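Below is input37.cif, holding mmCIF, C-alpha atoms.
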data_coords
loop_
_atom_site.group_PDB
_atom_site.id
_atom_site.type_symbol
_atom_site.label_atom_id
_atom_site.label_comp_id
_atom_site.auth_asym_id
_atom_site.auth_seq_id
_atom_site.Cartn_x
_atom_site.Cartn_y
_atom_site.Cartn_z
ATOM 1 C CA MET A 1219 -10.014 -32.689 6.864
ATOM 2 C CA ILE A 1220 -12.060 -29.707 5.680
ATOM 3 C CA GLU A 1221 -12.200 -29.565 1.894
ATOM 4 C CA GLY A 1222 -9.616 -27.222 0.434
ATOM 5 C CA LEU A 1223 -7.308 -27.295 3.448
ATOM 6 C CA ALA A 1224 -3.626 -28.124 3.177
ATOM 7 C CA PRO A 1225 -2.275 -31.530 4.290
ATOM 8 C CA CYS A 1226 -1.633 -31.824 8.015
ATOM 9 C CA GLY A 1227 2.121 -32.163 7.502
ATOM 10 C CA PHE A 1228 2.545 -28.624 6.209
ATOM 11 C CA LEU A 1229 4.029 -26.156 8.670
ATOM 12 C CA GLU A 1230 3.812 -22.418 8.447
ATOM 13 C CA MET A 1231 7.520 -21.721 8.790
ATOM 14 C CA THR A 1232 6.730 -18.083 8.974
ATOM 15 C CA TYR A 1233 7.489 -14.726 10.474
ATOM 16 C CA CYS A 1234 4.729 -12.425 11.640
ATOM 17 C CA VAL A 1235 4.974 -9.257 13.694
ATOM 18 C CA ALA A 1236 2.332 -6.862 15.014
ATOM 19 C CA ILE A 1237 3.017 -3.450 16.524
ATOM 20 C CA ALA A 1238 0.746 -1.414 18.822
ATOM 21 C CA VAL A 1239 1.444 2.303 19.351
ATOM 22 C CA ASN A 1240 -0.695 5.268 20.307
ATOM 23 C CA ALA A 1241 -1.447 6.056 16.659
ATOM 24 C CA GLY A 1242 -2.709 2.562 15.867
ATOM 25 C CA LEU A 1243 -1.584 -0.902 14.800
ATOM 26 C CA VAL A 1244 0.749 -2.356 12.176
ATOM 27 C CA PHE A 1245 0.733 -5.981 11.006
ATOM 28 C CA CYS A 1246 3.340 -7.694 8.817
ATOM 29 C CA SER A 1247 3.598 -11.322 7.640
ATOM 30 C CA ASP A 1248 5.326 -13.431 5.018
ATOM 31 C CA SER A 1249 3.550 -16.058 2.893
ATOM 32 C CA LEU A 1250 5.950 -18.994 2.503
ATOM 33 C CA THR A 1251 4.884 -22.427 3.770
ATOM 34 C CA ASN A 1252 6.844 -25.673 3.575
ATOM 35 C CA ALA A 1253 6.872 -29.329 4.543
ATOM 36 C CA GLY A 1254 10.414 -29.965 3.318
ATOM 37 C CA ILE A 1255 12.663 -28.542 0.650
ATOM 38 C CA ASP A 1256 10.598 -30.080 -2.159
ATOM 39 C CA GLN A 1257 7.201 -28.924 -0.856
ATOM 40 C CA ILE A 1258 7.198 -25.141 -0.873
ATOM 41 C CA SER A 1259 3.892 -23.306 -1.206
ATOM 42 C CA THR A 1260 2.489 -19.830 -0.729
ATOM 43 C CA TYR A 1261 -0.360 -19.159 1.700
ATOM 44 C CA SER A 1262 -1.403 -15.829 3.130
ATOM 45 C CA LYS A 1263 -0.999 -15.713 6.909
ATOM 46 C CA MET A 1264 -2.944 -12.492 7.416
ATOM 47 C CA PHE A 1265 -6.739 -12.545 7.705
ATOM 48 C CA GLU A 1266 -9.182 -9.665 8.106
ATOM 49 C CA PHE A 1267 -12.603 -9.637 9.755
ATOM 50 C CA GLY A 1268 -14.827 -6.723 10.587
ATOM 51 C CA ILE A 1269 -17.836 -4.498 10.285
ATOM 52 C CA GLU A 1270 -16.824 -1.049 9.071
ATOM 53 C CA GLY A 1271 -17.553 1.613 11.637
ATOM 54 C CA GLU A 1272 -18.189 -0.952 14.384
ATOM 55 C CA ARG A 1273 -15.297 -3.396 14.836
ATOM 56 C CA GLN A 1274 -12.203 -4.661 13.034
ATOM 57 C CA PHE A 1275 -9.903 -7.656 13.553
ATOM 58 C CA VAL A 1276 -6.670 -8.785 11.930
ATOM 59 C CA ILE A 1277 -5.305 -12.296 12.615
ATOM 60 C CA LEU A 1278 -1.772 -13.526 11.854
ATOM 61 C CA THR A 1279 -1.044 -17.274 11.933
ATOM 62 C CA ALA A 1280 1.936 -19.588 12.470
ATOM 63 C CA GLY A 1281 2.324 -23.336 13.059
ATOM 64 C CA ASN A 1282 0.563 -26.308 11.519
ATOM 65 C CA LEU A 1283 -1.178 -25.194 8.349
ATOM 66 C CA ALA A 1284 -4.139 -27.563 8.696
ATOM 67 C CA THR A 1285 -4.779 -26.236 12.210
ATOM 68 C CA THR A 1286 -4.532 -22.578 11.233
ATOM 69 C CA GLN A 1287 -6.704 -22.988 8.145
ATOM 70 C CA ALA A 1288 -9.321 -24.991 10.024
ATOM 71 C CA THR A 1289 -9.364 -22.375 12.777
ATOM 72 C CA ILE A 1290 -9.843 -19.509 10.321
ATOM 73 C CA ALA A 1291 -12.521 -21.527 8.505
ATOM 74 C CA ARG A 1292 -14.384 -22.025 11.796
ATOM 75 C CA LEU A 1293 -14.247 -18.295 12.551
ATOM 76 C CA LYS A 1294 -15.846 -17.605 9.163
ATOM 77 C CA PHE A 1295 -18.407 -20.378 9.661
ATOM 78 C CA ASP A 1296 -19.500 -18.998 13.028
ATOM 79 C CA ILE A 1297 -19.907 -15.501 11.589
ATOM 80 C CA LYS A 1298 -21.914 -16.776 8.622
ATOM 81 C CA ASN A 1299 -24.181 -18.869 10.839
ATOM 82 C CA ARG A 1300 -24.512 -16.228 13.568
ATOM 83 C CA ALA A 1301 -23.196 -18.506 16.282
ATOM 84 C CA SER A 1302 -23.866 -17.490 19.870
ATOM 85 C CA THR A 1303 -20.197 -16.513 20.103
ATOM 86 C CA ASN A 1304 -18.423 -15.117 17.062
ATOM 87 C CA LEU A 1305 -16.111 -12.250 16.162
ATOM 88 C CA TYR A 1306 -19.044 -9.995 15.367
ATOM 89 C CA ASN A 1307 -20.680 -10.201 18.802
ATOM 90 C CA VAL A 1308 -17.824 -10.522 21.342
ATOM 91 C CA SER A 1309 -17.540 -7.529 23.668
ATOM 92 C CA THR A 1310 -13.757 -7.082 23.913
ATOM 93 C CA ILE A 1311 -10.545 -8.017 22.123
ATOM 94 C CA GLU A 1312 -9.715 -10.222 25.114
ATOM 95 C CA ASP A 1313 -12.995 -12.116 24.651
ATOM 96 C CA ALA A 1314 -12.149 -12.528 20.967
ATOM 97 C CA ALA A 1315 -8.722 -13.934 21.906
ATOM 98 C CA ASP A 1316 -10.313 -16.423 24.334
ATOM 99 C CA TYR A 1317 -12.709 -17.530 21.594
ATOM 100 C CA LEU A 1318 -9.887 -17.882 19.040
ATOM 101 C CA GLY A 1319 -7.782 -19.866 21.511
ATOM 102 C CA GLU A 1320 -10.624 -22.282 22.230
ATOM 103 C CA ILE A 1321 -11.249 -22.961 18.540
ATOM 104 C CA SER A 1322 -7.520 -23.522 17.974
ATOM 105 C CA ARG A 1323 -7.344 -26.013 20.866
ATOM 106 C CA LEU A 1324 -10.343 -27.928 19.488
ATOM 107 C CA GLN A 1325 -8.735 -28.162 16.046
ATOM 108 C CA GLN A 1326 -5.450 -29.380 17.545
ATOM 109 C CA ALA A 1327 -7.306 -32.007 19.601
ATOM 110 C CA LYS A 1328 -8.837 -33.498 16.437
ATOM 111 C CA HIS A 1329 -5.359 -34.609 15.352
ATOM 112 C CA SER A 1330 -3.873 -35.358 18.772
ATOM 113 C CA THR A 1331 -3.642 -39.133 18.194
ATOM 114 C CA LYS A 1332 -1.603 -38.715 15.016
ATOM 115 C CA THR A 1333 2.150 -38.226 14.757
ATOM 116 C CA GLY A 1334 3.669 -34.795 14.214
ATOM 117 C CA SER A 1335 3.001 -31.370 15.614
ATOM 118 C CA PHE A 1336 -0.399 -29.761 15.132
ATOM 119 C CA GLU A 1337 0.251 -26.719 17.301
ATOM 120 C CA ALA A 1338 -0.537 -23.231 16.072
ATOM 121 C CA SER A 1339 -0.036 -19.700 17.356
ATOM 122 C CA PHE A 1340 -1.924 -16.551 16.450
ATOM 123 C CA ILE A 1341 -1.645 -12.808 16.817
ATOM 124 C CA MET A 1342 -5.022 -11.115 16.967
ATOM 125 C CA GLY A 1343 -5.353 -7.351 16.851
ATOM 126 C CA GLY A 1344 -8.014 -4.765 16.288
ATOM 127 C CA GLN A 1345 -10.571 -2.492 17.875
ATOM 128 C CA ILE A 1346 -14.190 -2.797 19.000
ATOM 129 C CA GLY A 1347 -16.204 0.423 19.117
ATOM 130 C CA GLN A 1348 -14.528 3.078 21.232
ATOM 131 C CA GLY A 1349 -12.366 0.523 23.028
ATOM 132 C CA ARG A 1350 -8.586 0.747 22.894
ATOM 133 C CA PRO A 1351 -6.914 -0.830 19.838
ATOM 134 C CA GLU A 1352 -4.689 -3.697 20.963
ATOM 135 C CA ILE A 1353 -2.839 -6.808 19.855
ATOM 136 C CA ILE A 1354 -2.781 -10.178 21.633
ATOM 137 C CA LEU A 1355 -0.625 -13.285 21.108
ATOM 138 C CA VAL A 1356 -2.616 -16.511 21.473
ATOM 139 C CA TYR A 1357 -0.483 -19.549 22.349
ATOM 140 C CA PRO A 1358 -1.230 -23.146 21.243
ATOM 141 C CA GLU A 1359 -2.607 -23.846 24.726
ATOM 142 C CA GLY A 1360 -5.204 -21.097 24.244
ATOM 143 C CA ASN A 1361 -3.824 -18.646 26.803
ATOM 144 C CA HIS A 1362 -2.615 -15.249 25.647
ATOM 145 C CA ILE A 1363 -0.509 -12.156 26.366
ATOM 146 C CA THR A 1364 -0.593 -8.567 25.174
ATOM 147 C CA THR A 1365 1.947 -5.779 24.697
ATOM 148 C CA SER A 1366 3.407 -3.353 27.240
ATOM 149 C CA SER A 1367 4.833 0.179 27.111
ATOM 150 C CA ASP A 1368 8.336 -1.355 27.140
ATOM 151 C CA THR A 1369 7.580 -3.929 24.424
ATOM 152 C CA PRO A 1370 4.947 -2.556 22.011
ATOM 153 C CA TYR A 1371 5.140 -5.501 19.615
ATOM 154 C CA LEU A 1372 4.412 -9.241 19.380
ATOM 155 C CA GLN A 1373 5.993 -11.883 17.136
ATOM 156 C CA ILE A 1374 5.239 -15.456 16.079
ATOM 157 C CA GLY A 1375 7.268 -17.836 13.965
ATOM 158 C CA GLU A 1376 10.947 -17.226 13.175
ATOM 159 C CA SER A 1377 11.205 -14.227 15.483
ATOM 160 C CA LYS A 1378 14.865 -14.027 16.519
ATOM 161 C CA TYR A 1379 16.316 -12.462 13.370
ATOM 162 C CA GLY A 1380 13.892 -9.542 13.228
ATOM 163 C CA LYS A 1381 13.787 -8.751 16.951
ATOM 164 C CA PRO A 1382 16.813 -6.408 17.397
ATOM 165 C CA ILE A 1383 15.493 -3.608 15.173
ATOM 166 C CA LEU A 1384 12.128 -3.701 16.976
ATOM 167 C CA ASP A 1385 13.804 -3.392 20.382
ATOM 168 C CA ARG A 1386 15.952 -0.476 19.260
ATOM 169 C CA ILE A 1387 13.367 1.596 17.379
ATOM 170 C CA LEU A 1388 9.829 1.071 18.643
ATOM 171 C CA THR A 1389 8.267 3.375 21.240
ATOM 172 C CA PRO A 1390 4.564 4.075 21.901
ATOM 173 C CA GLY A 1391 4.771 7.602 20.448
ATOM 174 C CA LEU A 1392 5.968 6.639 16.963
ATOM 175 C CA ASP A 1393 3.892 7.372 13.863
ATOM 176 C CA LEU A 1394 2.444 4.481 11.870
ATOM 177 C CA ASP A 1395 4.622 4.962 8.775
ATOM 178 C CA THR A 1396 7.766 4.639 10.902
ATOM 179 C CA CYS A 1397 6.339 1.528 12.568
ATOM 180 C CA ALA A 1398 5.500 -0.002 9.185
ATOM 181 C CA MET A 1399 9.041 0.603 7.934
ATOM 182 C CA CYS A 1400 10.413 -0.908 11.155
ATOM 183 C CA ALA A 1401 8.271 -4.001 10.555
ATOM 184 C CA LEU A 1402 9.528 -4.262 6.962
ATOM 185 C CA VAL A 1403 13.167 -3.970 8.030
ATOM 186 C CA SER A 1404 12.489 -6.624 10.675
ATOM 187 C CA MET A 1405 11.003 -8.823 7.943
ATOM 188 C CA ASP A 1406 13.967 -8.153 5.638
ATOM 189 C CA SER A 1407 16.395 -9.244 8.367
ATOM 190 C CA THR A 1408 14.441 -12.485 8.712
ATOM 191 C CA LEU A 1409 14.288 -13.085 4.957
ATOM 192 C CA ARG A 1410 18.053 -12.596 4.778
ATOM 193 C CA SER A 1411 18.851 -15.126 7.519
ATOM 194 C CA ASN A 1412 16.123 -17.773 7.143
ATOM 195 C CA LEU A 1413 15.250 -19.361 3.806
ATOM 196 C CA SER A 1414 12.023 -20.832 5.203
ATOM 197 C CA VAL A 1415 10.527 -17.312 5.301
ATOM 198 C CA GLY A 1416 9.726 -15.561 2.039
ATOM 199 C CA PRO A 1417 7.512 -13.216 -0.004
ATOM 200 C CA PRO A 1418 4.844 -12.223 -0.756
ATOM 201 C CA VAL A 1419 4.916 -9.897 2.265
ATOM 202 C CA ASP A 1420 1.658 -8.440 3.609
ATOM 203 C CA VAL A 1421 1.585 -5.172 5.552
ATOM 204 C CA LEU A 1422 -1.567 -3.706 7.066
ATOM 205 C CA ILE A 1423 -1.714 -0.328 8.809
ATOM 206 C CA TYR A 1424 -4.654 0.427 11.095
ATOM 207 C CA LYS A 1425 -5.280 3.949 12.390
ATOM 208 C CA SER A 1426 -6.740 4.185 15.896
ATOM 209 C CA GLY A 1427 -10.458 4.954 15.873
ATOM 210 C CA SER A 1428 -10.888 4.461 12.108
ATOM 211 C CA LEU A 1429 -12.732 1.122 12.464
ATOM 212 C CA ALA A 1430 -11.791 0.391 8.849
ATOM 213 C CA LEU A 1431 -9.156 -1.840 7.228
ATOM 214 C CA ASN A 1432 -8.318 0.135 4.110
ATOM 215 C CA ASN A 1433 -4.522 0.352 4.171
ATOM 216 C CA HIS A 1434 -3.290 -3.127 3.151
ATOM 217 C CA HIS A 1435 -0.202 -3.593 0.979
ATOM 218 C CA ARG A 1436 1.093 -6.825 -0.577
ATOM 219 C CA PHE A 1437 4.648 -6.999 -1.883
ATOM 220 C CA GLU A 1438 5.359 -9.839 -4.323
ATOM 221 C CA HIS A 1439 8.674 -11.618 -5.003
ATOM 222 C CA ASP A 1440 9.562 -9.108 -7.713
ATOM 223 C CA SER A 1441 8.616 -6.007 -5.696
ATOM 224 C CA GLU A 1442 11.003 -3.160 -6.485
ATOM 225 C CA PHE A 1443 10.048 -1.565 -3.159
ATOM 226 C CA LEU A 1444 11.177 -4.634 -1.194
ATOM 227 C CA ARG A 1445 14.435 -4.702 -3.161
ATOM 228 C CA ASP A 1446 14.935 -1.004 -2.417
ATOM 229 C CA VAL A 1447 14.347 -1.569 1.306
ATOM 230 C CA LYS A 1448 16.924 -4.379 1.255
ATOM 231 C CA ARG A 1449 19.532 -2.361 -0.673
ATOM 232 C CA THR A 1450 19.085 0.713 1.486
ATOM 233 C CA TRP A 1451 19.179 -1.180 4.790
ATOM 234 C CA ASP A 1452 22.241 -3.186 3.709
ATOM 235 C CA GLY A 1453 24.029 0.004 2.675
ATOM 236 C CA LEU A 1454 23.202 1.881 5.862
ATOM 237 C CA LEU A 1455 24.327 -1.039 8.033
ATOM 238 C CA LYS A 1456 27.665 -1.201 6.212
ATOM 239 C CA ASP A 1457 28.132 2.565 6.513
ATOM 240 C CA ALA A 1458 27.337 2.436 10.242
ATOM 241 C CA PHE A 1459 29.780 -0.448 10.735
ATOM 242 C CA ARG A 1460 32.572 1.498 9.032
ATOM 243 C CA GLN A 1461 32.027 4.328 11.518
ATOM 244 C CA MET A 1462 32.502 2.132 14.573
ATOM 245 C CA PRO A 1463 35.358 3.145 16.939
ATOM 246 C CA SER A 1464 38.811 1.893 16.024
ATOM 247 C CA LEU A 1465 40.066 -1.242 17.741
ATOM 248 C CA SER A 1466 43.068 0.756 18.972
ATOM 249 C CA TRP A 1467 41.248 0.998 22.313
ATOM 250 C CA ALA A 1468 41.692 -2.758 22.725
ATOM 251 C CA ALA A 1469 45.421 -2.411 23.495
ATOM 252 C CA ASN A 1470 44.697 -0.048 26.395
ATOM 253 C CA TRP A 1471 42.016 -2.403 27.680
ATOM 254 C CA ASP A 1472 44.442 -5.334 27.568
ATOM 255 C CA LYS A 1473 47.084 -3.359 29.474
ATOM 256 C CA SER A 1474 44.665 -2.282 32.194
ATOM 257 C CA GLY A 1475 43.453 -5.845 32.480
ATOM 258 C CA GLY A 1476 47.006 -7.078 32.812
ATOM 259 C CA ALA A 1477 47.746 -4.510 35.490
ATOM 260 C CA ARG A 1478 44.758 -5.658 37.492
ATOM 261 C CA SER A 1479 45.856 -9.276 37.158
ATOM 262 C CA GLU A 1480 49.376 -8.478 38.441
ATOM 263 C CA ALA A 1481 48.037 -6.466 41.383
ATOM 264 C CA SER A 1482 45.819 -9.330 42.422
ATOM 265 C CA GLY A 1483 48.646 -11.854 42.125
ATOM 266 C CA GLU A 1484 46.927 -13.853 39.404
#

Could you render the structure as structure tokens?
Amino acid sequence: MIEGLAPCGFLEMTYCVAIAVNAGLVFCSDSLTNAGIDQISTYSKMFEFGIEGERQFVILTAGNLATTQATIARLKFDIKNRASTNLYNVSTIEDAADYLGEISRLQQAKHSTKTGSFEASFIMGGQIGQGRPEIILVYPEGNHITTSSDTPYLQIGESKYGKPILDRILTPGLDLDTCAMCALVSMDSTLRSNLSVGPPVDVLIYKSGSLALNNHHRFEHDSEFLRDVKRTWDGLLKDAFRQMPSLSWAANWDKSGGARSEASGE
């Protein structure tokens, strides 16, 4: 195992989401990692690579911690040693995703004879030169998918709790601040329903064409802003629920259903 890496048993029980709209990209991730209730640690799951003015990449990670850390370490090693293929010389984001997927598969194969899961997933996003900013989900097998106009976001980890708000709110024409708040509400929903996901929460906002990563926020456990987001979202949800139509309509529905049943002889 590479020196400084976490034990192979640790899993990144995480939630990460990335959003791609016309205005740019938004990335959000938690930082809680565990290998059981008595082994809780904090590791950042957001990593930045780039050359200002030329290319920028953001990578989010989920899965086996040894695999993800070894993969990120190899990316850094290849950049430092000017490998024939590295993040600073690939031509497209798709090429970068292929390269990331191959490194991940090699790291998983190193542990394939041992027990346990060593799979890892990644979201890679960014921009190279004047190319289009985009985000790509890289699966453990090394293959990948990107976003669409109907689904302008990608998730890894504990995705189910934070998905509904993304489906309801996100459209390609939204501004980046709205997208960032949507990502934070999605994260808050996950934090509320899954104890294996937790702060600190990282949010990075990338403006299309800027080729710079200079808008990164980290919210710690005691963040008043995160508490305010939670309080406000909880309050608005309760207010919206109180304004739902009365259940008085149910009696009419039951009667019409009964009438249909009688007419059909059931």

Hey, can I get the axis-aligned box for region 1411-1422 of chain A? All listed atoms, 6 Å padding on each side, centre and edge lengths in Å to one decimal, as JSON.
{"center_x": 8.6, "center_y": -12.3, "center_z": 3.4, "size_x": 32.4, "size_y": 29.1, "size_z": 20.3}

### Query
How would you write, as a ChimeraX atom specification, the residues chosen by the PyMOL selection byres ((chain A and resi 1297-1307) around 12) on this structure?
/A:1266-1270,1272-1277,1290-1296,1308-1318,1320-1321,1342-1347

### Message
Rounded to one decimal, what separation in Å do you get between CA of Val1403 (chain A) and CA of Pro1351 (chain A)?
### Response
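Atom-to-atom, CA of Val1403 (chain A) and CA of Pro1351 (chain A) are spaced 23.5 Å apart.
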
#### Entry: Who sits within 10 Å of region 1448-1456 of chain A, all atoms listed in the file, same chain under 5 positions skipped, as a PyMOL selection string
chain A and resi 1402-1403+1405-1407+1409-1410+1442-1443+1461

### Task
List the neighbours of Leu1392 (chain A) out to 12 Å using only C-alpha atoms; skip same-chain residues closer than 5 positions along the sequence, and give me the result as a PyMOL selection string.
chain A and resi 1237-1244+1370+1387+1397-1400

#### Entry: Interatomic distance, CA of Glu1376 (chain A) to CA of Ser1247 (chain A) (Å, one decimal)
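If I compute the distance from CA of Glu1376 (chain A) to CA of Ser1247 (chain A), I get 10.9 Å.
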
#### Entry: Pairwise distance for CA of Asn1432 (chain A) and CA of Gly1271 (chain A), rounded to one decimal in Å
12.0 Å

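With all atoms listed in the file as the atoms that count, the residue of A:Leu1283, A:Ile1353, A:Val1235, A:Ile1383 with the shortest distance to Val1421 (chain A) is A:Val1235.
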
Suppose a student applies the PyMOL selection byres ((chain A and resi 1286) around 10) to this structure; what residues should they get, written as a PDB file with C-alpha atoms, in the frame of the given file?
ATOM      1  CA  LEU A1223      -7.308 -27.295   3.448  1.00  0.00           C
ATOM      2  CA  ALA A1224      -3.626 -28.124   3.177  1.00  0.00           C
ATOM      3  CA  LEU A1229       4.029 -26.156   8.670  1.00  0.00           C
ATOM      4  CA  GLU A1230       3.812 -22.418   8.447  1.00  0.00           C
ATOM      5  CA  LYS A1263      -0.999 -15.713   6.909  1.00  0.00           C
ATOM      6  CA  LEU A1278      -1.772 -13.526  11.854  1.00  0.00           C
ATOM      7  CA  THR A1279      -1.044 -17.274  11.933  1.00  0.00           C
ATOM      8  CA  ALA A1280       1.936 -19.588  12.470  1.00  0.00           C
ATOM      9  CA  GLY A1281       2.324 -23.336  13.059  1.00  0.00           C
ATOM     10  CA  ASN A1282       0.563 -26.308  11.519  1.00  0.00           C
ATOM     11  CA  LEU A1283      -1.178 -25.194   8.349  1.00  0.00           C
ATOM     12  CA  ALA A1284      -4.139 -27.563   8.696  1.00  0.00           C
ATOM     13  CA  THR A1285      -4.779 -26.236  12.210  1.00  0.00           C
ATOM     14  CA  GLN A1287      -6.704 -22.988   8.145  1.00  0.00           C
ATOM     15  CA  ALA A1288      -9.321 -24.991  10.024  1.00  0.00           C
ATOM     16  CA  THR A1289      -9.364 -22.375  12.777  1.00  0.00           C
ATOM     17  CA  ILE A1290      -9.843 -19.509  10.321  1.00  0.00           C
ATOM     18  CA  ALA A1291     -12.521 -21.527   8.505  1.00  0.00           C
ATOM     19  CA  ARG A1292     -14.384 -22.025  11.796  1.00  0.00           C
ATOM     20  CA  ILE A1321     -11.249 -22.961  18.540  1.00  0.00           C
ATOM     21  CA  SER A1322      -7.520 -23.522  17.974  1.00  0.00           C
ATOM     22  CA  GLN A1325      -8.735 -28.162  16.046  1.00  0.00           C
ATOM     23  CA  GLN A1326      -5.450 -29.380  17.545  1.00  0.00           C
ATOM     24  CA  PHE A1336      -0.399 -29.761  15.132  1.00  0.00           C
ATOM     25  CA  GLU A1337       0.251 -26.719  17.301  1.00  0.00           C
ATOM     26  CA  ALA A1338      -0.537 -23.231  16.072  1.00  0.00           C
ATOM     27  CA  SER A1339      -0.036 -19.700  17.356  1.00  0.00           C
ATOM     28  CA  PHE A1340      -1.924 -16.551  16.450  1.00  0.00           C
TER      29      PHE A1340
END

### Task
Excluding Gln1373 (chain A) and any residue of its chain fewer than 4 positions from it, enumerate the residues within 9 Å of it, using all atoms listed in the file, and give them as a PyMOL selection string.
chain A and resi 1233-1237+1341+1355+1377+1381

### Task
Rank A:Gly1375, A:Tyr1424, A:Lys1328, A:Asn1412 by their smallest atom-to-atom distance to Asp1393 (chain A), using all atoms listed in the file, and report the top residue only.
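Comparing A:Gly1375, A:Tyr1424, A:Lys1328, A:Asn1412 against Asp1393 (chain A), the winner is A:Tyr1424.
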
### Message
the PyMOL selection byres ((chain A and resi 1434) around 9) - which residues does that actually catch in the file I just gave you? List them as an MDAnalysis selection string.
### Response
chainID A and resid 1420:1424 1431:1433 1435:1436

#### Entry: Near-Asp1385 (chain A) list (10 Å; all atoms listed in the file; drop same-chain fewer than 5 positions) as JSON, numbers by chain
{"A": [1368, 1369, 1370, 1371, 1380]}

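Nearest to Arg1386 (chain A) of all the residues A:Ser1404, A:Gly1349, A:Glu1438, A:Ser1428 is A:Ser1404, counting only C-alpha atoms.
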
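Remark: for Leu1394 (chain A), the closest of the candidate residues A:Ser1426, A:Ser1441, A:Ser1262, A:Thr1408 is A:Ser1426 (distances computed over only C-alpha atoms).
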
For Arg1323 (chain A), please output as an mmCIF file with C-alpha atoms, in the frame of the given file all residues within 7 Å (counting all atoms listed in the file; exclusion window: fewer than 6 positions along the same chain).
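For reference, selection07.cif as written:
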data_model
loop_
_atom_site.group_PDB
_atom_site.id
_atom_site.type_symbol
_atom_site.label_atom_id
_atom_site.label_comp_id
_atom_site.auth_asym_id
_atom_site.auth_seq_id
_atom_site.Cartn_x
_atom_site.Cartn_y
_atom_site.Cartn_z
ATOM 1 C CA PRO A 1358 -1.230 -23.146 21.243
ATOM 2 C CA GLU A 1359 -2.607 -23.846 24.726
ATOM 3 C CA GLY A 1360 -5.204 -21.097 24.244
#
